[in-house]
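Next comes my_file_23.cif, with mmCIF, C-alpha atoms.
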```cif
data_start
loop_
_atom_site.label_atom_id
_atom_site.label_comp_id
_atom_site.auth_asym_id
_atom_site.auth_seq_id
_atom_site.Cartn_x
_atom_site.Cartn_y
_atom_site.Cartn_z
CA MET A 24 18.39 -13.37 -40.54
CA ARG A 25 17.30 -12.90 -36.93
CA HIS A 26 18.40 -14.61 -33.73
CA THR A 27 17.64 -14.47 -30.03
CA ARG A 28 19.85 -13.86 -27.04
CA ILE A 29 19.34 -13.67 -23.30
CA ILE A 30 20.61 -10.71 -21.34
CA VAL A 31 20.83 -10.18 -17.60
CA THR A 32 19.12 -6.82 -17.10
CA HIS A 33 19.82 -6.44 -13.38
CA TYR A 34 21.20 -8.52 -10.52
CA GLY A 35 18.68 -10.95 -9.09
CA GLY A 36 16.83 -14.18 -9.72
CA PRO A 37 15.39 -15.56 -12.95
CA ASP A 38 13.36 -12.36 -13.36
CA ALA A 39 16.68 -10.67 -14.26
CA LEU A 40 16.76 -12.62 -17.57
CA ARG A 41 15.24 -11.12 -20.71
CA VAL A 42 14.98 -12.62 -24.21
CA VAL A 43 15.88 -10.19 -26.99
CA GLU A 44 15.33 -10.80 -30.72
CA GLU A 45 17.66 -8.95 -33.09
CA GLU A 46 19.48 -9.17 -36.41
CA CYS A 47 21.99 -12.00 -36.54
CA PRO A 48 25.56 -10.69 -36.27
CA GLU A 49 27.88 -10.82 -39.29
CA PRO A 50 31.41 -12.11 -38.72
CA LYS A 51 34.24 -9.59 -39.05
CA HIS A 52 37.73 -10.30 -40.38
CA GLY A 53 39.15 -13.36 -38.58
CA GLU A 54 35.81 -14.32 -37.02
CA VAL A 55 33.38 -17.18 -37.50
CA ARG A 56 29.65 -17.14 -36.86
CA VAL A 57 28.33 -20.14 -34.97
CA ARG A 58 24.71 -21.22 -34.70
CA VAL A 59 24.66 -22.22 -31.05
CA LEU A 60 23.41 -25.76 -30.39
CA ALA A 61 24.12 -25.95 -26.65
CA ALA A 62 25.45 -23.74 -23.86
CA GLY A 63 25.87 -24.66 -20.22
CA VAL A 64 24.98 -22.69 -17.13
CA SER A 65 27.19 -23.12 -14.08
CA LEU A 66 27.02 -22.05 -10.46
CA PRO A 67 29.38 -19.11 -11.17
CA ASP A 68 26.96 -17.98 -13.91
CA ILE A 69 24.08 -18.01 -11.42
CA MET A 70 26.18 -16.23 -8.81
CA ALA A 71 27.12 -13.56 -11.39
CA ARG A 72 23.44 -13.10 -12.29
CA GLU A 73 22.73 -12.58 -8.57
CA GLY A 74 25.65 -10.12 -8.32
CA VAL A 75 27.54 -12.10 -5.67
CA HIS A 76 30.39 -13.71 -7.68
CA PRO A 77 33.79 -12.01 -7.22
CA GLU A 78 34.11 -11.64 -11.04
CA THR A 79 30.57 -10.39 -11.63
CA PRO A 80 30.38 -8.36 -14.85
CA ARG A 81 28.38 -5.15 -15.09
CA CYS A 82 24.77 -5.43 -16.29
CA PRO A 83 23.52 -5.95 -18.90
CA THR A 84 25.64 -9.02 -19.53
CA ARG A 85 25.54 -12.41 -21.25
CA ARG A 86 27.74 -15.42 -20.44
CA VAL A 87 27.95 -19.17 -21.20
CA GLY A 88 30.42 -21.22 -23.30
CA PRO A 89 28.79 -22.42 -26.55
CA VAL A 90 28.95 -25.50 -28.73
CA GLY A 91 27.61 -24.95 -32.21
CA GLU A 92 27.72 -25.30 -35.97
CA VAL A 93 29.78 -22.85 -38.03
CA ASP A 94 27.41 -21.17 -40.49
CA ARG A 95 29.50 -18.27 -41.83
CA LEU A 96 33.17 -17.28 -42.04
CA GLY A 97 34.64 -13.81 -42.00
CA ASN A 98 37.50 -12.89 -44.32
CA GLY A 99 40.89 -14.34 -43.44
CA VAL A 100 39.62 -17.47 -41.65
CA SER A 101 41.22 -20.82 -42.45
CA GLY A 102 41.17 -24.22 -40.80
CA ILE A 103 37.46 -24.02 -39.99
CA GLU A 104 34.65 -24.49 -42.48
CA PRO A 105 30.88 -24.03 -42.59
CA GLY A 106 29.00 -27.04 -41.22
CA GLN A 107 31.77 -27.91 -38.76
CA ILE A 108 30.73 -28.46 -35.13
CA VAL A 109 32.96 -26.53 -32.72
CA ALA A 110 33.26 -25.90 -29.00
CA ALA A 111 34.44 -22.58 -27.59
CA MET A 112 37.74 -22.60 -25.77
CA PRO A 113 38.67 -21.23 -23.34
CA TYR A 114 35.52 -21.45 -21.25
CA THR A 115 35.61 -17.68 -20.79
CA ALA A 116 34.38 -17.51 -24.40
CA ARG A 117 30.72 -17.13 -23.45
CA THR A 118 27.39 -16.37 -25.04
CA ARG A 119 23.68 -16.61 -24.35
CA SER A 120 22.74 -16.18 -27.99
CA SER A 121 21.36 -18.44 -30.68
CA SER A 122 24.16 -17.16 -32.97
CA ALA A 123 27.53 -15.76 -32.01
CA CYS A 124 30.46 -14.24 -33.92
CA ARG A 125 33.83 -14.79 -32.31
CA SER A 126 37.48 -14.95 -33.26
CA ALA A 127 38.33 -18.18 -35.06
CA SER A 128 41.05 -18.74 -32.44
CA TRP A 129 38.30 -19.34 -29.85
CA PHE A 130 37.62 -22.62 -31.59
CA GLY A 131 41.23 -23.65 -32.21
CA ALA A 132 41.53 -26.11 -29.31
CA ILE A 133 38.45 -28.24 -29.95
CA ARG A 134 36.82 -29.12 -33.25
CA VAL A 135 34.39 -31.91 -32.62
CA GLY A 136 33.46 -32.81 -36.20
CA ARG A 137 30.42 -32.44 -38.44
CA ARG A 138 26.78 -33.02 -37.66
CA GLU A 139 25.20 -36.04 -39.33
CA ALA A 140 22.54 -35.19 -41.92
#
```

Represent the structure contained in this file as structure tokens.
Amino acid sequence: MRHTRIIVTHYGGPDALRVVEEECPEPKHGEVRVRVLAAGVSLPDIMAREGVHPETPRCPTRRVGPVGEVDRLGNGVSGIEPGQIVAAMPYTARTRSSSACRSASWFGAIRVGRREA
């Protein structure tokens, strides 16, 4: 399965963003894979893209806290199940991808339910 993600290739304006298509990541032990439904962009994200935020990461980078639907579990995950809608906590758990694998503990603070069919 393939997915897309956005990377910041260099500091600057919107021209610094590039869409990359690649194989969807597989969750490792203790991780869940989430199909991202929504991710916000904040002023600090824009400032980081421009290279002026005090906590600007090195390029290439991707950032944004996701909300999504769990579509696969890694070994050793309990308390979360496929089909569950989750929000990443803390906010520093960021992605600009259509799918993301992260530690199940990222989603421990907020579980917002299941999507209606």

request  = Between A:Leu66, A:Gly97, A:Glu73, A:Gln107, single out the one closest to Gly35 (chain A), counting only C-alpha atoms.
outcome  =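 Using only C-alpha atoms, Gly35 (chain A) sits closest to A:Glu73.
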
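Using the PyMOL selection byres ((chain A and resi 100) around 7) on this structure selects Gly53, Glu54, Leu96, Gly97, Asn98, Gly99, Ser101, Gly102 and Ala127 of chain A.
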
ask   = Taking only C-alpha atoms into account, which of A:Ser122, A:Val57, A:Arg95, A:Val75 comes nearest His26 (chain A)?
value =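 Using only C-alpha atoms, the shortest distance to His26 (chain A) belongs to A:Ser122.
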
request  = Pick out the closest residue to Thr27 (chain A) from this set: A:Arg58, A:Glu104, A:Lys51, A:Asp94. Count only C-alpha atoms.
outcome  =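 Counting only C-alpha atoms, the residue closest to Thr27 (chain A) is A:Arg58.
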
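Put simply, CA of Val59 (chain A) is 12.7 Å away from CA of Ile29 (chain A).
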
message = Can you measure CA of Met24 (chain A) to CA of Glu49 (chain A) for me? One decimal in Å is fine.
response = 9.9 Å

task = Give me the result of the PyMOL selection byres ((chain A and resi 43) around 8) on this file, residue by residue, as a list of chain:residue names.
result =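 With the shown file as input, the PyMOL selection byres ((chain A and resi 43) around 8) matches A:Thr27, A:Arg28, A:Ile29, A:Ile30, A:Arg41, A:Val42, A:Glu44, A:Glu45.
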
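Counting all atoms listed in the file and comparing A:Val31, A:Pro48, A:Ala39, A:Val90, the residue that lies closest to Leu60 (chain A) is A:Val90.
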
Please give the centre and size of the box around region 51-58 of chain A (axis-aligned, containing every atom listed in the file, 8 Å added per side), with values in Å to one decimal and written as lines of an AutoDock Vina configuration file.
```
center_x = 31.9
center_y = -15.4
center_z = -37.5
size_x = 30.4
size_y = 27.6
size_z = 21.7
```

request  = Between CA of Pro105 (chain A) and CA of Asp68 (chain A), measure the distance and give it in Å to one decimal.
outcome  =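 These two atoms are separated by 29.6 Å.
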
note = Restricting to all atoms listed in the file, whichever of A:Ile103, A:Val64, A:Val55, A:Ala110 is closest to Pro89 (chain A) is A:Ala110
